[in-house]
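First comes the structure, then the notes that go with it.
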Amino acid sequence: MLDQIHLLAAVTVLGVLEQAYFSLQVIYARRAYRISPPKVSGPPDFERVFRAQVNCSEYFPVFLAVLWQAGLFFHQGLTAALGLLYLWSRYCYFVGYKKSASGRLAPMYFSAGVLWILIGLAAFGILHFLLSHYVGLNIALFFGL
């Protein structure tokens, strides 16, 4: 069983480490700009770091859910590769947003595209499983898979 989920687990751990890094960046920015919690406003440089971290955190549960569903029901290797691509694009998003608000746009659109692909793979994989298991219909054959 572990050979069917080890890549997904590795991408998940990497994603958690990335989230920890983003959180540390907010702590460093709070210290640099002397902004104590619970305040979330301050100079634009602080607010961009804070918003980048919050935005990445908001999407992380969605990413994890579709990563595991697509990996379990479609293909672990392809899903793990897309997961790495998503994490890389979120890192680029964070770094870009930290520099300027417009620096977040290209990585944001790219990561959204990867997320939609993962959603599509998860939906297809689950639909295939349900139809083959309960109806005896193999829709993968229609697509040459």
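Within each chain, counting starts at residue 1; across the structure tokens, chains are named A, B, ... in the order shown, with ligands numbered 1 upward in that order.
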**Study point:** Shell of 7 Å around stretch 3-17 of chain A, only C-alpha atoms, local chain residues under 6 positions omitted, as a PyMOL selection string
**Key:** chain A and resi 68+71+76-77+80+83-84+87
Any chance you could export the current selection's all heavy atoms as a short mmCIF file (atom, residue, chain, number, x, y, z; two decimals), in the first residue's frame?
```cif
data_model
loop_
_atom_site.label_atom_id
_atom_site.label_comp_id
_atom_site.auth_asym_id
_atom_site.auth_seq_id
_atom_site.Cartn_x
_atom_site.Cartn_y
_atom_site.Cartn_z
N TRP A 68 -4.60 14.32 -3.00
CA TRP A 68 -4.79 12.94 -2.57
C TRP A 68 -5.86 12.24 -3.38
O TRP A 68 -5.72 11.06 -3.72
CB TRP A 68 -5.07 12.89 -1.07
CG TRP A 68 -3.79 13.00 -0.31
CD1 TRP A 68 -3.15 14.14 0.07
CD2 TRP A 68 -2.95 11.93 0.09
NE1 TRP A 68 -1.98 13.85 0.70
CE2 TRP A 68 -1.83 12.49 0.74
CE3 TRP A 68 -3.03 10.55 -0.02
CZ2 TRP A 68 -0.80 11.71 1.26
CZ3 TRP A 68 -2.01 9.77 0.52
CH2 TRP A 68 -0.91 10.35 1.15
N GLY A 71 -4.40 11.54 -6.80
CA GLY A 71 -3.35 10.53 -6.68
C GLY A 71 -3.88 9.14 -6.42
O GLY A 71 -3.36 8.16 -6.96
N GLN A 76 -0.77 8.32 -9.25
CA GLN A 76 0.07 8.93 -8.22
C GLN A 76 1.23 9.74 -8.80
O GLN A 76 1.49 10.86 -8.36
CB GLN A 76 0.63 7.85 -7.29
CG GLN A 76 1.51 8.42 -6.23
CD GLN A 76 2.27 7.41 -5.42
OE1 GLN A 76 2.68 7.73 -4.32
NE2 GLN A 76 2.51 6.20 -5.89
N GLY A 77 1.93 9.21 -9.79
CA GLY A 77 3.11 9.89 -10.33
C GLY A 77 2.79 11.21 -10.99
O GLY A 77 3.43 12.23 -10.72
N ALA A 80 1.65 13.68 -8.29
CA ALA A 80 2.77 14.18 -7.49
C ALA A 80 3.56 15.23 -8.28
O ALA A 80 3.96 16.26 -7.72
CB ALA A 80 3.67 13.04 -7.06
N GLY A 83 1.61 18.25 -8.23
CA GLY A 83 1.69 18.82 -6.88
C GLY A 83 2.97 19.62 -6.69
O GLY A 83 2.94 20.71 -6.11
N LEU A 84 4.08 19.10 -7.18
CA LEU A 84 5.35 19.84 -7.10
C LEU A 84 5.27 21.13 -7.91
O LEU A 84 5.77 22.18 -7.47
CB LEU A 84 6.50 18.97 -7.59
CG LEU A 84 6.88 17.80 -6.71
CD1 LEU A 84 7.94 16.94 -7.40
CD2 LEU A 84 7.37 18.28 -5.35
N LEU A 87 3.25 23.60 -5.86
CA LEU A 87 4.02 24.16 -4.74
C LEU A 87 5.06 25.16 -5.24
O LEU A 87 5.27 26.22 -4.62
CB LEU A 87 4.70 23.05 -3.94
CG LEU A 87 3.76 22.11 -3.17
CD1 LEU A 87 4.56 21.01 -2.49
CD2 LEU A 87 2.90 22.88 -2.18
#
```
Practice prompt. Would you mind listing what lies within 12 Å of A:Lys98 as a list in words, with only C-alpha atoms counted and same-chain residues fewer than 2 positions away left out?
Written response: Phe22, Gln25, Val26, Ala29, Pro44, Asp45, Phe46, Glu47, Arg48, Val49, Phe50, Arg51, Ala52, Gln53, Tyr91, Cys92, Tyr93, Phe94, Val95, Gly96, Ser100, Ala101, Ser102, Gly103, Arg104 and Leu105 of chain A
Discussion item. For a quick check of understanding, using only C-alpha atoms, which of A:Met108, A:Gly144, A:Lys39, A:Ile117 has the smallest distance to A:Ala81?
Written reply: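 So, comparing all the options, the nearest one is A:Ile117.
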> How far is it from atom CA of A:Phe73 to atom CA of A:Pro107, in Å with one decimal?
Replying inline: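 Answer for the atom CA of A:Phe73 to atom CA of A:Pro107 separation: 27.2 Å.
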